[in-house]
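File shown: model-v8.cif. Contents: mmCIF, C-alpha atoms.
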```
data_final
#
loop_
_atom_site.label_atom_id
_atom_site.label_comp_id
_atom_site.auth_asym_id
_atom_site.auth_seq_id
_atom_site.Cartn_x
_atom_site.Cartn_y
_atom_site.Cartn_z
CA MET A 561 -31.34 -2.83 -56.03
CA ARG A 562 -30.62 -5.20 -53.17
CA ARG A 563 -27.27 -5.56 -51.66
CA ASN A 564 -25.73 -9.07 -51.50
CA PRO A 565 -25.25 -9.95 -47.79
CA PHE A 566 -22.33 -12.32 -48.57
CA LYS A 567 -20.15 -9.48 -49.82
CA SER A 568 -19.54 -8.29 -46.28
CA PRO A 569 -16.21 -9.63 -44.93
CA VAL A 570 -17.69 -10.46 -41.54
CA VAL A 571 -20.52 -12.49 -43.03
CA ARG A 572 -18.08 -14.30 -45.31
CA TRP A 573 -15.90 -15.26 -42.34
CA VAL A 574 -18.91 -16.44 -40.36
CA VAL A 575 -20.07 -18.57 -43.29
CA ARG A 576 -16.55 -19.96 -43.70
CA GLY A 577 -16.44 -20.77 -39.98
CA VAL A 578 -19.77 -22.57 -40.12
CA VAL A 579 -18.65 -24.52 -43.19
CA ALA A 580 -15.34 -25.38 -41.48
CA VAL A 581 -17.13 -26.65 -38.36
CA ALA A 582 -19.52 -28.70 -40.51
CA LEU A 583 -16.63 -30.23 -42.45
CA ALA A 584 -14.69 -30.95 -39.26
CA PHE A 585 -17.77 -32.70 -37.89
CA ALA A 586 -18.30 -34.64 -41.11
CA PHE A 587 -14.68 -35.78 -41.41
CA GLY A 588 -13.96 -36.22 -37.72
CA TYR A 589 -16.94 -37.29 -35.69
CA LEU A 590 -19.07 -39.15 -38.22
CA PRO A 591 -16.41 -41.71 -39.20
CA TYR A 592 -15.76 -42.30 -35.51
CA ARG A 593 -19.45 -43.05 -34.96
CA VAL A 594 -19.70 -45.22 -38.07
CA TYR A 595 -16.51 -47.24 -37.56
CA GLY A 596 -16.06 -46.81 -33.81
CA GLY A 597 -17.40 -48.72 -30.84
CA ALA A 598 -21.07 -48.20 -31.65
CA GLY A 599 -20.82 -48.45 -35.44
CA LEU A 600 -19.77 -51.07 -37.95
CA GLY A 601 -17.19 -52.62 -35.64
CA ARG A 602 -19.83 -53.27 -33.00
CA LEU A 603 -22.19 -54.58 -35.67
CA GLY A 604 -19.58 -57.12 -36.78
CA GLN A 605 -18.96 -58.15 -33.17
CA LEU A 606 -22.68 -58.62 -32.56
CA LYS A 607 -23.04 -60.70 -35.74
CA ARG A 608 -20.19 -62.98 -34.59
CA GLU A 609 -21.79 -63.32 -31.16
CA LEU A 610 -25.13 -64.12 -32.79
CA GLY A 611 -23.50 -66.88 -34.85
CA GLU A 612 -21.84 -68.32 -31.74
CA LEU A 613 -25.13 -68.22 -29.81
CA LYS A 614 -26.98 -69.95 -32.65
CA ALA A 615 -24.34 -72.69 -32.72
CA ARG A 616 -24.58 -73.13 -28.94
CA ASN A 617 -28.37 -73.23 -29.21
CA GLN A 618 -28.14 -76.05 -31.78
CA VAL A 619 -25.81 -78.02 -29.49
CA THR A 620 -28.13 -77.42 -26.54
CA ALA A 621 -31.19 -78.43 -28.58
CA ALA A 622 -29.48 -81.68 -29.59
CA GLU A 623 -28.55 -82.35 -25.96
CA ASN A 624 -32.15 -81.65 -24.90
CA ALA A 625 -33.46 -84.08 -27.51
CA ARG A 626 -31.03 -86.76 -26.32
CA LEU A 627 -32.07 -86.22 -22.69
CA ARG A 628 -35.76 -86.29 -23.66
CA GLU A 629 -35.22 -89.67 -25.35
CA GLU A 630 -33.36 -90.95 -22.29
CA VAL A 631 -36.16 -89.83 -19.96
CA HIS A 632 -38.73 -91.50 -22.21
CA ALA A 633 -36.70 -94.71 -22.21
CA LEU A 634 -36.31 -94.65 -18.43
CA ARG A 635 -40.05 -94.18 -17.97
CA HIS A 636 -41.13 -96.89 -20.43
CA ASP A 637 -38.27 -99.39 -20.84
CA LEU A 638 -37.14 -101.60 -17.96
CA GLY A 639 -33.98 -102.51 -19.86
CA ALA A 640 -32.94 -98.86 -19.83
CA VAL A 641 -33.56 -98.67 -16.09
CA GLU A 642 -31.44 -101.78 -15.57
CA ARG A 643 -28.65 -100.36 -17.73
CA VAL A 644 -28.55 -97.16 -15.70
CA ALA A 645 -28.63 -99.11 -12.45
CA ARG A 646 -25.70 -101.25 -13.58
CA GLU A 647 -23.55 -98.61 -15.31
CA GLU A 648 -24.13 -95.51 -13.23
CA LEU A 649 -25.04 -96.94 -9.83
CA GLY A 650 -22.92 -100.10 -9.92
CA LEU A 651 -25.78 -102.40 -8.91
CA VAL A 652 -25.80 -106.13 -9.64
CA ARG A 653 -28.44 -108.84 -9.48
CA PRO A 654 -28.35 -111.35 -6.67
CA GLY A 655 -26.12 -114.27 -7.55
CA GLU A 656 -24.06 -112.40 -10.17
CA LEU A 657 -20.31 -112.28 -9.88
CA VAL A 658 -18.51 -109.00 -10.46
CA PHE A 659 -15.01 -109.05 -11.85
CA GLN A 660 -13.02 -105.86 -11.57
CA ILE A 661 -10.15 -105.63 -14.00
CA GLU A 662 -7.45 -103.08 -13.32
CA GLU A 663 -5.07 -101.90 -15.97
CA ALA A 664 -1.38 -102.60 -15.41
CA LYS A 665 0.79 -99.56 -14.85
#
```
Translate the structure of the given file into structure tokens.
Amino acid sequence: MRRNPFKSPVVRWVVRGVVAVALAFAFGYLPYRVYGGAGLGRLGQLKRELGELKARNQVTAAENARLREEVHALRHDLGAVERVAREELGLVRPGELVFQIEEAK
């Protein structure tokens, strides 16, 4: 007949110690890893950042499309070139009069 090794008090205390360490790890360290800086909290932060980056990318894509249209107009439309020359550079045609109106304070 074989003797049960878990009947020895020393073995029982060793097994209890191992179980206690495993439970301490499970209830202490694992929740920290799951909900801590590298766990679910970080996942939520990264998802928010991803949403913000996607929104900024959409704004940037719209701005790029607008600039592409403006470049196309400047290359192919003389009216667009004249508009830029007048509005942004302040140029006028010979013989035109420029009236500057200042707002009253």
CA of Val652 (chain A) sits from CA of His636 (chain A) at a separation of 20.9 Å
For CA of Val574 (chain A) and CA of Tyr592 (chain A), quote the distance in Å rounded to one decimal. 26.5 Å
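Picture a line from CA of Glu642 (chain A) to CA of Arg628 (chain A); it runs 18.0 Å.
With all atoms listed in the file as the atoms that count, the minimum distance from Val644 (chain A) to the choices A:Glu630, A:Leu606, A:Glu656, A:Leu600 is reached by A:Glu630.
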Could you give me the centre and size, in Å to one decimal, of an axis-aligned box around all listed atoms of region 585-600 of chain A with 6 Å added on every side, as AutoDock Vina command-line options?
```
--center_x -17.5 --center_y -41.9 --center_z -36.1 --size_x 19.1 --size_y 30.4 --size_z 22.6
```
